[in-house]
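So this block is work-v6.tsv, TSV, C-alpha atoms and all ligand atoms:
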```tsv
chain	number	residue	atom	x	y	z
A	1292	MET	CA	53.52	5.32	26.56
A	1293	PRO	CA	54.74	4.57	30.09
A	1294	THR	CA	57.81	6.61	30.96
A	1295	PRO	CA	60.80	4.80	32.48
A	1296	HIS	CA	61.32	6.22	35.94
A	1297	GLU	CA	65.09	6.29	35.78
A	1298	SER	CA	65.49	9.59	37.54
A	1299	CYS	CA	63.07	8.95	40.37
A	1300	PRO	CA	65.08	9.60	43.53
A	1301	THR	CA	64.18	6.38	45.36
A	1302	SER	CA	62.74	3.00	44.46
A	1303	SER	CA	59.59	3.69	46.46
A	1304	HIS	CA	59.15	6.95	44.60
A	1305	ARG	CA	59.56	5.02	41.37
A	1306	GLU	CA	56.95	2.45	42.43
A	1307	ASN	CA	54.52	5.10	43.50
A	1308	CYS	CA	54.93	7.02	40.26
A	1309	ALA	CA	54.47	3.87	38.25
A	1310	ALA	CA	51.46	2.74	40.29
A	1311	LEU	CA	49.77	6.05	39.69
A	1312	ASN	CA	50.68	5.90	35.99
A	1313	MET	CA	52.50	9.19	36.21
A	1314	SER	CA	55.24	10.26	33.89
A	1315	ASP	CA	58.63	10.78	35.48
A	1316	PRO	CA	58.75	14.34	36.83
A	1317	LEU	CA	62.54	14.51	36.94
A	1318	ALA	CA	62.86	13.14	33.44
A	1319	ALA	CA	60.43	15.79	32.21
A	1320	LYS	CA	62.71	18.47	33.51
A	1321	HIS	CA	65.48	17.37	31.16
A	1322	GLN	CA	63.29	17.25	28.09
A	1323	PRO	CA	63.25	20.29	25.84
A	1324	ILE	CA	59.82	21.83	25.43
A	1325	GLU	CA	59.15	21.35	21.77
A	1326	PHE	CA	55.70	22.81	21.36
A	1327	ALA	CA	53.25	24.86	23.33
A	1328	GLN	CA	52.13	22.90	26.38
A	1329	ARG	CA	48.62	22.68	27.65
A	1330	PHE	CA	47.63	25.48	29.98
A	1331	ILE	CA	47.05	24.23	33.53
A	1332	PRO	CA	44.52	26.35	35.42
A	1333	ALA	CA	44.80	27.01	39.15
A	1334	ALA	CA	41.38	25.46	39.71
A	1335	ARG	CA	38.96	23.53	37.57
A	1336	PRO	CA	35.76	22.86	39.52
A	1337	ARG	CA	33.49	20.00	38.51
A	1338	LEU	CA	29.91	20.11	39.71
A	1339	PRO	CA	27.23	17.45	39.08
A	1340	ASP	CA	26.51	17.15	35.37
A	1341	ALA	CA	23.12	17.67	33.74
A	1342	ASP	CA	22.25	13.96	33.79
A	1343	ALA	CA	22.83	13.77	37.53
A	1344	VAL	CA	20.66	16.81	38.21
A	1345	LEU	CA	17.86	15.89	35.79
A	1346	PRO	CA	15.89	13.51	38.07
A	1347	TYR	CA	15.73	16.28	40.66
A	1348	LEU	CA	14.63	18.85	38.09
A	1349	ARG	CA	11.81	16.48	37.10
A	1350	ARG	CA	10.73	16.42	40.74
A	1351	ILE	CA	10.59	20.22	40.70
A	1352	ASP	CA	8.44	20.12	37.54
A	1353	ALA	CA	6.06	17.65	39.19
A	1354	ALA	CA	5.81	19.45	42.52
A	1355	ARG	CA	5.64	22.98	41.05
A	1356	SER	CA	7.39	24.22	44.16
A	1357	TYR	CA	10.35	26.44	43.31
A	1358	SER	CA	11.47	28.05	46.54
A	1359	ASN	CA	10.31	28.85	50.10
A	1360	PHE	CA	11.46	25.61	51.74
A	1361	GLY	CA	10.13	23.15	49.17
A	1362	PRO	CA	10.60	19.37	49.28
A	1363	LEU	CA	14.08	19.37	47.70
A	1364	LEU	CA	15.46	21.95	50.08
A	1365	THR	CA	13.97	20.09	53.04
A	1366	GLU	CA	15.61	16.87	51.87
A	1367	PHE	CA	18.92	18.62	51.16
A	1368	GLU	CA	19.00	20.17	54.63
A	1369	SER	CA	18.14	16.92	56.36
A	1370	ARG	CA	20.85	15.03	54.45
A	1371	LEU	CA	23.35	17.74	55.38
A	1372	ALA	CA	22.24	17.66	59.02
A	1373	GLY	CA	22.76	13.87	59.00
A	1374	ARG	CA	26.49	14.50	58.62
A	1375	PHE	CA	26.60	16.14	62.07
A	1376	GLU	CA	25.84	14.80	65.55
A	1377	ALA	CA	22.24	13.93	66.46
A	1378	GLY	CA	20.10	16.99	67.07
A	1379	SER	CA	22.10	19.24	64.74
A	1380	LYS	CA	20.16	21.73	62.66
A	1381	VAL	CA	21.14	22.95	59.22
A	1382	VAL	CA	20.01	26.28	57.77
A	1383	THR	CA	20.84	26.74	54.09
A	1384	CYS	CA	21.56	30.14	52.68
A	1385	VAL	CA	22.30	31.78	49.30
A	1386	ASN	CA	26.04	31.69	49.99
A	1387	GLY	CA	28.55	31.17	52.77
A	1388	THR	CA	29.13	34.88	53.33
A	1389	GLN	CA	25.43	35.47	54.00
A	1390	ALA	CA	25.28	32.42	56.28
A	1391	LEU	CA	28.15	33.87	58.30
A	1392	THR	CA	26.66	37.38	58.36
A	1393	LEU	CA	23.26	36.15	59.48
A	1394	THR	CA	24.76	33.85	62.12
A	1395	LEU	CA	26.63	36.85	63.58
A	1396	ASN	CA	23.42	38.91	63.36
A	1397	ALA	CA	21.51	36.22	65.20
A	1398	LEU	CA	23.97	36.34	68.11
A	1399	ASP	CA	22.67	39.83	68.91
A	1400	LEU	CA	26.09	41.28	69.76
A	1401	ALA	CA	26.58	44.90	70.80
A	1402	LYS	CA	26.55	47.08	67.65
A	1403	GLY	CA	30.04	48.02	66.51
A	1404	SER	CA	31.76	45.78	69.06
A	1405	LEU	CA	34.93	43.95	68.08
A	1406	VAL	CA	34.93	40.46	66.64
A	1407	ALA	CA	38.30	38.72	66.73
A	1408	VAL	CA	39.14	37.24	63.31
A	1409	PRO	CA	42.33	35.98	61.73
A	1410	SER	CA	43.68	38.32	59.09
A	1411	TYR	CA	44.81	35.25	57.18
A	1412	THR	CA	41.46	34.24	55.66
A	1413	PHE	CA	39.36	34.95	52.61
A	1414	VAL	CA	38.02	38.53	52.66
A	1415	ALA	CA	34.47	37.17	53.05
A	1416	THR	CA	35.12	36.55	56.78
A	1417	ALA	CA	35.80	40.23	57.41
A	1418	HIS	CA	33.02	41.40	55.08
A	1419	ALA	CA	30.53	39.26	57.02
A	1420	VAL	CA	31.61	40.81	60.34
A	1421	ILE	CA	31.14	44.33	58.96
A	1422	ALA	CA	27.85	43.45	57.24
A	1423	ALA	CA	26.59	42.25	60.63
A	1424	GLY	CA	27.25	45.73	62.07
A	1425	LEU	CA	30.39	44.65	63.92
A	1426	THR	CA	34.08	45.56	63.76
A	1427	PRO	CA	36.79	43.07	62.77
A	1428	LEU	CA	39.85	42.89	65.01
A	1429	PHE	CA	42.57	41.31	62.87
A	1430	LEU	CA	44.80	38.82	64.68
A	1431	ASP	CA	47.74	36.66	63.69
A	1432	VAL	CA	47.72	32.92	63.06
A	1433	ASP	CA	49.82	29.92	64.03
A	1434	PRO	CA	52.79	29.45	61.67
A	1435	ASN	CA	52.24	25.67	61.51
A	1436	ASP	CA	48.55	25.28	60.81
A	1437	TRP	CA	47.82	28.85	59.56
A	1438	MET	CA	44.89	29.23	61.98
A	1439	LEU	CA	43.95	31.59	64.82
A	1440	ARG	CA	44.88	30.28	68.29
A	1441	PRO	CA	42.78	30.70	71.44
A	1442	GLU	CA	45.83	32.13	73.28
A	1443	THR	CA	46.07	34.91	70.71
A	1444	VAL	CA	42.47	35.86	71.46
A	1445	ARG	CA	43.07	35.69	75.22
A	1446	ASP	CA	46.02	38.06	74.82
A	1447	ALA	CA	44.00	40.39	72.60
A	1448	LEU	CA	41.32	40.75	75.27
A	1449	ALA	CA	43.93	42.60	77.33
A	1450	TRP	CA	44.97	45.15	74.70
A	1451	ALA	CA	41.96	45.42	72.36
A	1452	PRO	CA	40.92	49.07	71.90
A	1453	ALA	CA	37.25	48.23	72.67
A	1454	PRO	CA	35.24	45.30	74.06
A	1455	VAL	CA	35.51	42.06	72.09
A	1456	SER	CA	32.10	40.42	71.76
A	1457	ALA	CA	32.80	37.27	69.71
A	1458	VAL	CA	35.37	35.26	67.77
A	1459	VAL	CA	35.25	33.91	64.23
A	1460	VAL	CA	37.74	31.08	63.82
A	1461	VAL	CA	38.60	30.06	60.26
A	1462	ALA	CA	39.30	26.49	59.12
A	1463	ALA	CA	42.33	27.18	56.90
A	1464	PHE	CA	41.55	25.91	53.39
A	1465	GLY	CA	39.48	23.11	54.92
A	1466	ALA	CA	41.74	22.01	57.80
A	1467	MET	CA	40.05	21.81	61.21
A	1468	PRO	CA	41.17	23.92	64.17
A	1469	ASP	CA	41.34	22.42	67.67
A	1470	LEU	CA	37.63	22.57	68.52
A	1471	GLU	CA	38.14	21.48	72.15
A	1472	ALA	CA	40.46	24.42	72.72
A	1473	TRP	CA	37.88	26.79	71.23
A	1474	LYS	CA	35.12	25.34	73.40
A	1475	ALA	CA	37.38	25.92	76.41
A	1476	LEU	CA	37.89	29.55	75.39
A	1477	ARG	CA	34.13	29.97	74.97
A	1478	GLU	CA	33.58	28.53	78.45
A	1479	ASP	CA	36.31	30.59	80.13
A	1480	THR	CA	35.49	33.93	78.53
A	1481	GLY	CA	31.79	33.62	77.72
A	1482	LEU	CA	32.56	34.81	74.19
A	1483	PRO	CA	30.50	33.20	71.43
A	1484	VAL	CA	32.69	31.41	68.89
A	1485	VAL	CA	31.64	30.87	65.26
A	1486	LEU	CA	33.59	28.60	62.94
A	1487	ASP	CA	34.03	29.81	59.37
A	1488	ALA	CA	34.55	26.33	57.94
A	1489	ALA	CA	33.72	27.55	54.43
A	1490	ALA	CA	36.13	25.13	52.76
A	1491	ALA	CA	35.78	22.33	55.32
A	1492	PHE	CA	32.70	20.45	54.11
A	1493	ASP	CA	34.70	17.22	54.40
A	1494	GLN	CA	36.10	17.78	57.88
A	1495	ALA	CA	33.25	19.59	59.63
A	1496	ARG	CA	31.25	16.82	61.30
A	1497	VAL	CA	30.34	18.35	64.66
A	1498	ALA	CA	28.26	21.45	65.19
A	1499	GLU	CA	28.55	22.32	68.87
A	1500	ILE	CA	30.39	25.41	67.72
A	1501	PRO	CA	28.12	27.05	65.11
A	1502	THR	CA	29.77	26.12	61.80
A	1503	VAL	CA	29.34	27.84	58.46
A	1504	ILE	CA	30.17	25.99	55.24
A	1505	SER	CA	30.26	27.36	51.71
A	1506	LEU	CA	28.87	25.48	48.72
A	1507	HIS	CA	30.52	27.78	46.20
A	1508	ALA	CA	31.68	26.15	42.97
A	1509	THR	CA	35.32	26.38	44.04
A	1510	LYS	CA	34.71	24.55	47.33
A	1511	VAL	CA	34.92	20.79	47.79
A	1512	LEU	CA	31.12	20.29	47.64
A	1513	GLY	CA	30.01	22.90	45.13
A	1514	ILE	CA	26.54	23.80	43.93
A	1515	GLY	CA	27.46	27.12	42.26
A	1516	GLU	CA	26.45	29.53	45.00
A	1517	GLY	CA	25.20	28.42	48.40
A	1518	GLY	CA	26.14	27.85	52.00
A	1519	PHE	CA	24.78	26.66	55.29
A	1520	LEU	CA	24.98	26.93	59.05
A	1521	ALA	CA	25.17	23.73	61.11
A	1522	THR	CA	24.52	24.07	64.81
A	1523	THR	CA	23.29	22.06	67.78
A	1524	ASP	CA	21.68	25.26	69.09
A	1525	ALA	CA	18.09	24.97	67.83
A	1526	GLU	CA	17.23	28.50	68.94
A	1527	LEU	CA	20.19	29.96	66.99
A	1528	ALA	CA	19.18	27.94	63.92
A	1529	ALA	CA	15.62	29.24	64.17
A	1530	ARG	CA	16.83	32.84	64.42
A	1531	VAL	CA	19.13	32.47	61.41
A	1532	ARG	CA	16.29	30.86	59.47
A	1533	GLN	CA	14.05	33.80	60.35
A	1534	LEU	CA	16.75	36.21	59.12
A	1535	THR	CA	16.86	34.40	55.74
A	1536	THR	CA	13.16	34.83	55.20
A	1537	PHE	CA	12.02	38.41	55.87
A	1538	GLY	CA	11.83	37.94	59.62
A	1539	PHE	CA	8.94	35.52	59.28
A	1540	ARG	CA	8.66	32.80	61.85
A	1541	GLY	CA	5.72	30.59	61.07
A	1542	SER	CA	3.47	33.45	59.96
A	1543	ARG	CA	3.59	36.37	57.53
A	1544	LEU	CA	4.40	38.75	60.34
A	1545	SER	CA	7.86	40.28	60.12
A	1546	ASP	CA	9.14	40.18	63.71
A	1547	ILE	CA	12.68	41.41	63.16
A	1548	ALA	CA	14.63	43.33	60.51
A	1549	ALA	CA	15.82	40.64	58.12
A	1550	THR	CA	16.55	39.84	54.50
A	1551	ASN	CA	15.88	37.21	51.85
A	1552	ALA	CA	18.72	34.70	51.68
A	1553	LYS	CA	16.81	31.50	50.89
A	1554	LEU	CA	18.21	28.79	48.65
A	1555	SER	CA	15.91	27.80	45.75
A	1556	GLU	CA	14.70	24.34	44.80
A	1557	TYR	CA	16.99	24.48	41.75
A	1558	ALA	CA	20.07	25.04	43.88
A	1559	SER	CA	18.86	22.25	46.18
A	1560	ALA	CA	18.58	19.94	43.14
A	1561	VAL	CA	22.26	20.47	42.41
A	1562	GLY	CA	23.01	19.99	46.11
A	1563	LEU	CA	21.21	16.64	46.25
A	1564	ALA	CA	23.05	15.47	43.12
A	1565	ALA	CA	26.35	16.64	44.66
A	1566	LEU	CA	25.63	14.64	47.83
A	1567	ASP	CA	24.77	11.55	45.73
A	1568	SER	CA	28.28	11.54	44.26
A	1569	TRP	CA	30.12	12.91	47.32
A	1570	GLU	CA	31.69	9.63	48.46
A	1571	THR	CA	33.18	8.91	45.03
A	1572	ASP	CA	34.13	12.55	44.46
A	1573	ARG	CA	35.89	12.53	47.81
A	1574	LEU	CA	37.95	9.49	46.76
A	1575	GLN	CA	38.89	11.25	43.53
A	1576	PHE	CA	40.04	14.32	45.44
A	1577	LEU	CA	42.07	12.02	47.72
A	1578	ARG	CA	43.63	10.30	44.73
A	1579	ALA	CA	44.60	13.61	43.08
A	1580	ALA	CA	46.05	14.81	46.40
A	1581	GLN	CA	48.04	11.59	46.84
A	1582	MET	CA	49.48	11.99	43.36
A	1583	MET	CA	50.50	15.57	44.15
A	1584	LYS	CA	52.25	14.38	47.29
A	1585	VAL	CA	54.04	11.54	45.51
A	1586	ALA	CA	55.14	13.86	42.72
A	1587	MET	CA	56.58	16.33	45.24
A	1588	THR	CA	58.37	13.88	47.54
A	1589	PHE	CA	61.66	15.01	46.00
A	1590	LEU	CA	60.87	18.64	46.85
A	1591	PRO	CA	61.48	19.04	50.59
A	1592	ASP	CA	60.82	22.77	50.24
A	1593	VAL	CA	57.15	22.10	49.49
A	1594	GLN	CA	55.11	21.80	52.71
A	1595	PHE	CA	51.58	20.44	52.52
A	1596	GLN	CA	49.03	21.28	55.20
A	1597	PRO	CA	49.06	18.63	57.98
A	1598	GLY	CA	46.74	15.80	56.92
A	1599	TRP	CA	45.95	17.29	53.50
A	1600	GLY	CA	45.01	14.43	51.20
A	1601	ASP	CA	45.47	11.89	53.99
A	1602	GLY	CA	42.82	12.44	56.62
A	1603	TRP	CA	40.86	15.11	54.81
A	1604	VAL	CA	40.22	16.59	51.41
A	1605	THR	CA	39.64	20.04	50.08
A	1606	SER	CA	39.43	21.55	46.63
A	1607	VAL	CA	42.66	23.54	46.77
A	1608	CYS	CA	46.33	22.73	47.21
A	1609	SER	CA	47.87	25.55	49.21
A	1610	VAL	CA	51.47	24.74	50.03
A	1611	GLY	CA	54.12	26.41	52.11
A	1612	LEU	CA	57.28	27.35	50.17
A	1613	PRO	CA	60.52	28.92	51.39
A	1614	ASN	CA	59.88	32.39	52.83
A	1615	GLY	CA	60.10	35.03	50.13
A	1616	SER	CA	60.06	32.63	47.19
A	1617	VAL	CA	56.41	32.95	46.20
A	1618	ASP	CA	56.69	35.86	43.74
A	1619	ALA	CA	59.45	34.24	41.74
A	1620	VAL	CA	57.90	30.76	41.83
A	1621	GLU	CA	54.55	32.09	40.71
A	1622	TYR	CA	56.17	34.00	37.87
A	1623	ARG	CA	58.20	31.03	36.69
A	1624	LEU	CA	55.23	28.66	36.76
A	1625	GLN	CA	53.16	31.19	34.85
A	1626	ASP	CA	55.92	31.22	32.27
A	1627	GLN	CA	55.28	27.48	31.77
A	1628	ASP	CA	51.53	28.10	31.39
A	1629	ILE	CA	50.90	26.77	34.87
A	1630	HIS	CA	48.59	29.00	36.84
A	1631	THR	CA	48.63	29.37	40.59
A	1632	ARG	CA	46.49	31.34	43.02
A	1633	ARG	CA	47.21	33.01	46.31
A	1634	TRP	CA	43.80	32.13	47.63
A	1635	TRP	CA	44.04	34.45	50.65
A	1636	ASP	CA	46.52	36.85	49.10
A	1637	ARG	CA	48.37	38.86	51.75
A	1638	GLY	CA	45.75	38.64	54.49
A	1639	CYS	CA	42.66	40.79	54.98
A	1640	HIS	CA	44.35	43.63	56.81
A	1641	LEU	CA	46.11	44.92	53.67
A	1642	ASN	CA	42.90	45.28	51.67
A	1643	PRO	CA	41.76	48.88	51.28
A	1644	ALA	CA	38.27	47.90	52.47
A	1645	PHE	CA	39.65	47.01	55.91
A	1646	ALA	CA	42.36	49.65	56.27
A	1647	GLU	CA	40.64	51.41	59.16
A	1648	TYR	CA	40.07	48.35	61.36
A	1649	PRO	CA	42.19	47.50	64.41
A	1650	ARG	CA	44.82	44.80	64.31
A	1651	GLY	CA	47.45	43.11	66.40
A	1652	ASP	CA	50.92	41.94	65.47
A	1653	LEU	CA	50.58	40.17	62.11
A	1654	SER	CA	54.10	38.97	61.47
A	1655	VAL	CA	53.12	35.34	60.79
A	1656	THR	CA	50.44	36.50	58.36
A	1657	GLU	CA	53.02	38.60	56.58
A	1658	THR	CA	55.37	35.63	56.35
A	1659	LEU	CA	52.56	33.45	54.98
A	1660	SER	CA	51.83	36.07	52.33
A	1661	ARG	CA	55.36	35.52	51.05
A	1662	SER	CA	55.41	31.75	51.42
A	1663	VAL	CA	51.98	30.19	50.73
A	1664	LEU	CA	50.95	29.43	47.17
A	1665	GLY	CA	47.91	27.63	45.75
A	1666	LEU	CA	49.22	25.13	43.20
A	1667	PRO	CA	46.94	23.94	40.39
A	1668	PHE	CA	44.54	21.34	41.75
A	1669	ALA	CA	41.34	19.70	40.57
A	1670	ILE	CA	39.27	16.62	41.34
A	1671	ASP	CA	40.30	14.99	38.05
A	1672	MET	CA	43.79	16.39	37.63
A	1673	ASP	CA	45.78	13.72	35.82
A	1674	GLY	CA	49.24	12.35	36.42
A	1675	ASP	CA	50.74	14.13	33.44
A	1676	ASP	CA	49.63	17.54	34.61
A	1677	ILE	CA	50.74	16.76	38.15
A	1678	SER	CA	54.17	15.69	36.90
A	1679	ARG	CA	54.47	18.87	34.88
A	1680	VAL	CA	53.61	20.98	37.90
A	1681	ALA	CA	56.17	19.09	40.00
A	1682	ALA	CA	58.89	19.46	37.37
A	1683	ALA	CA	58.18	23.15	36.84
A	1684	LEU	CA	58.09	23.74	40.57
A	1685	SER	CA	61.40	21.97	40.98
A	1686	LEU	CA	62.97	24.25	38.37
A	1687	ALA	CA	61.32	27.33	39.84
A	1688	LEU	CA	62.57	26.53	43.33
A	1689	SER	CA	66.09	25.87	42.14
A	1690	GLY	CA	66.00	29.31	40.52
A	1691	ARG	CA	66.98	28.09	37.08
B	1701	LIG	C1	34.77	30.70	50.33
B	1701	LIG	C2	34.92	31.30	51.66
B	1701	LIG	C3	33.92	32.12	52.19
B	1701	LIG	C4	32.76	32.63	51.41
B	1701	LIG	O1	31.85	31.67	50.97
B	1701	LIG	P1	30.88	32.06	49.77
B	1701	LIG	O2	29.95	30.88	49.69
B	1701	LIG	O3	31.72	32.21	48.55
B	1701	LIG	O4	30.18	33.31	50.13
B	1701	LIG	C5	34.09	32.59	53.50
B	1701	LIG	N1	35.17	32.26	54.23
B	1701	LIG	C6	36.15	31.48	53.74
B	1701	LIG	C7	37.31	31.13	54.61
B	1701	LIG	C8	36.06	30.98	52.43
B	1701	LIG	O5	37.05	30.21	51.96
```

As structure tokens, what does this structure read like?
Amino acid sequence: MPTPHESCPTSSHRENCAALNMSDPLAAKHQPIEFAQRFIPAARPRLPDADAVLPYLRRIDAARSYSNFGPLLTEFESRLAGRFEAGSKVVTCVNGTQALTLTLNALDLAKGSLVAVPSYTFVATAHAVIAAGLTPLFLDVDPNDWMLRPETVRDALAWAPAPVSAVVVVAAFGAMPDLEAWKALREDTGLPVVLDAAAAFDQARVAEIPTVISLHATKVLGIGEGGFLATTDAELAARVRQLTTFGFRGSRLSDIAATNAKLSEYASAVGLAALDSWETDRLQFLRAAQMMKVAMTFLPDVQFQPGWGDGWVTSVCSVGLPNGSVDAVEYRLQDQDIHTRRWWDRGCHLNPAFAEYPRGDLSVTETLSRSVLGLPFAIDMDGDDISRVAAALSLALSGR
């Protein structure tokens, strides 16, 4: 039954709500909760279904090639490479963390040297640096876009306790950093820059800065576990490839110490099916994001990432809330069976695993840890759930 939108704050809000067939979020807040409401999870990934994958599985049956760069993987990589500028190479990997580790390995940096990373990222960024035999140097991020800035790295070069040999920039939840500024830093300082664009499958379309993307189930293009490096540097791509396959390079001779991080034909089958539906999935993500934004227009305290759901899509909805409110808001939403997630928690530097590593001033990161919250979000989240989240968030923010 369509809800009358009497309490929508403006007529355009009312029209938008009605157009999206959403119930009235403000009205919901005045209705008593009569029975247990449906639990709303923080994330609800949706990967290609069995029917979509089946034609690719049949191709595996026919070819009897199951791994080691079979026809499906070759096709998957070339379709991925087609998303980047001409001449870009793609190297798939078992997951994004391995792709990042092996890319850092391939750069042949001085053992133990410092790699500048933002503390405000998923722990995988720092784990990859350490796994590559390097030392993370945790730096602060910009309060507006939540990403490392080149100036922060330039400053750090002056006070860092040891030589800095590279930078890993992180695309915050799928937003793109200023790539031109990072290329300028690379030119000025000679430092290699790697982009951890794990969540930025949608936005990452150039590969002049080596770019690592995750294909984990929770990311916007999910295959379960997987990841890839995109780069215009053919030599770097070849070295990373060699590292994923026992150090082999065209023969069975192991030239360098390496590992096995190859993606199988089965994972590639899911990847091809995911690419087949990407354009429509992307529109569905955009639609869900638009509904979130419409539902929250009456909540000026909720700040979306710049361009989120307009220019670009991602699989999570991390919003900025008033500083210090996150604990209480999270608790109150939980009380309504609405789950949230602090995707990057309080920053890497507070994890016991990284306690011993050097760091700069992290005051913005500490503020973000008290103000950023991942609201429930999913590709097919419906208007009713979105309205419930908006109503509950409104109550939580008003402290009632
Ligand atoms: C998800 C993520 C990773 C790790 O990717 P996996 O494929 O899960 O290994 C690394 N960095 C960031 C910023 C991420 O969001």

Quiz item: If you count all atoms listed in the file, which residues end up within 10 Å of ligand LIG 1701 (chain B), as a VMD selection string?
Solution: chain A and resid 1384 to 1392 1409 1411 to 1419 1460 to 1465 1486 to 1491 1503 to 1510 1513 to 1519 1634 to 1635

Quiz item: Taking into account all atoms listed in the file, which residue in the set A:Ala1453, A:Arg1477, A:Pro1434, A:Asn1642 is nearest to Ser1404 (chain A)?
Solution: A:Ala1453

Exercise. Find the residues around region 1405-1408 of chain A up to 9 Å (all atoms listed in the file counted), leave out those fewer than 4 positions away in its own chain, and share them as a list in words.
Key: Ala1401, Thr1412, Thr1416, Ala1417, Val1420, Leu1425, Thr1426, Pro1427, Leu1428, Phe1429, Leu1430, Asp1431, Leu1439, Val1444, Ala1447, Ala1451, Pro1452, Ala1453, Pro1454, Val1455, Ser1456, Ala1457, Val1458, Val1459, Val1460, Val1461 and Pro1649 of chain A

Deliver the residues from the most recent selection as a file, using C-alpha atoms, as a compact mmCIF listing (two decimals), in the coordinates of the input.
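Result file follows (out34.txt):
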```
# COMPACT_ATOMS: atom_id res chain seq x y z
CA ALA A 1401 26.58 44.90 70.80
CA THR A 1412 41.46 34.24 55.66
CA THR A 1416 35.12 36.55 56.78
CA ALA A 1417 35.80 40.23 57.41
CA VAL A 1420 31.61 40.81 60.34
CA LEU A 1425 30.39 44.65 63.92
CA THR A 1426 34.08 45.56 63.76
CA PRO A 1427 36.79 43.07 62.77
CA LEU A 1428 39.85 42.89 65.01
CA PHE A 1429 42.57 41.31 62.87
CA LEU A 1430 44.80 38.82 64.68
CA ASP A 1431 47.74 36.66 63.69
CA LEU A 1439 43.95 31.59 64.82
CA VAL A 1444 42.47 35.86 71.46
CA ALA A 1447 44.00 40.39 72.60
CA ALA A 1451 41.96 45.42 72.36
CA PRO A 1452 40.92 49.07 71.90
CA ALA A 1453 37.25 48.23 72.67
CA PRO A 1454 35.24 45.30 74.06
CA VAL A 1455 35.51 42.06 72.09
CA SER A 1456 32.10 40.42 71.76
CA ALA A 1457 32.80 37.27 69.71
CA VAL A 1458 35.37 35.26 67.77
CA VAL A 1459 35.25 33.91 64.23
CA VAL A 1460 37.74 31.08 63.82
CA VAL A 1461 38.60 30.06 60.26
CA PRO A 1649 42.19 47.50 64.41
```

Please produce, as a Markdown table, a per-residue contact table for region 1425-1452 of chain A versus region 1592-1612 of chain A (criterion: any atom at most 10 Å away, all atoms listed in the file considered), showing the nearest atom pair and its distance in Å to one decimal, sorted by chain then residue number.
```
| residue | atom | partner | partner_atom | distance |
| --- | --- | --- | --- | --- |
| A:Asn1435 | CA | A:Gln1596 | CA | 8.3 |
| A:Asp1436 | CA | A:Gln1596 | CA | 6.9 |
| A:Trp1437 | CA | A:Gln1596 | CA | 8.8 |
```

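CA of Leu1520 (chain A) lies 12.4 Å from CA of Ser1369 (chain A).
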
Quiz prompt | Near-Asp1340 (chain A) list (10 Å; all atoms listed in the file; drop same-chain fewer than 4 positions) as a PyMOL selection string | solution = chain A and resi 1344-1345+1561+1564-1565

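Take the candidates A:Leu1686, A:Ala1681, A:Arg1637, A:Ile1670 and check each one against Leu1574 (chain A) using only C-alpha atoms; the shortest distance goes to A:Ile1670.
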
Subset file: region 1414-1425 of chain A, N, CA and C atoms, as a CSV table (one decimal), in the first residue's frame:
```
chain,number,residue,atom,x,y,z
A,1414,VAL,N,42.9,-3.3,7.0
A,1414,VAL,CA,44.2,-3.8,7.5
A,1414,VAL,C,45.0,-4.5,6.4
A,1415,ALA,N,44.3,-5.0,5.3
A,1415,ALA,CA,45.0,-5.7,4.2
A,1415,ALA,C,46.2,-4.9,3.6
A,1416,THR,N,46.0,-3.5,3.6
A,1416,THR,CA,47.0,-2.7,3.0
A,1416,THR,C,48.3,-2.8,3.8
A,1417,ALA,N,48.2,-2.7,5.1
A,1417,ALA,CA,49.4,-2.8,5.9
A,1417,ALA,C,50.0,-4.3,5.9
A,1418,HIS,N,49.1,-5.3,6.0
A,1418,HIS,CA,49.6,-6.6,5.9
A,1418,HIS,C,50.4,-6.9,4.6
A,1419,ALA,N,49.9,-6.3,3.5
A,1419,ALA,CA,50.6,-6.6,2.2
A,1419,ALA,C,52.0,-6.0,2.3
A,1420,VAL,N,52.1,-4.8,2.9
A,1420,VAL,CA,53.4,-4.1,3.0
A,1420,VAL,C,54.4,-5.0,3.8
A,1421,ILE,N,53.9,-5.5,4.9
A,1421,ILE,CA,54.8,-6.3,5.8
A,1421,ILE,C,55.1,-7.7,5.1
A,1422,ALA,N,54.1,-8.3,4.4
A,1422,ALA,CA,54.3,-9.5,3.7
A,1422,ALA,C,55.3,-9.4,2.6
A,1423,ALA,N,55.5,-8.2,2.1
A,1423,ALA,CA,56.4,-7.9,1.0
A,1423,ALA,C,57.8,-7.6,1.6
A,1424,GLY,N,58.0,-7.8,2.9
A,1424,GLY,CA,59.3,-7.5,3.6
A,1424,GLY,C,59.6,-6.1,3.8
A,1425,LEU,N,58.5,-5.2,3.8
A,1425,LEU,CA,58.7,-3.8,4.0
A,1425,LEU,C,58.0,-3.3,5.3
```
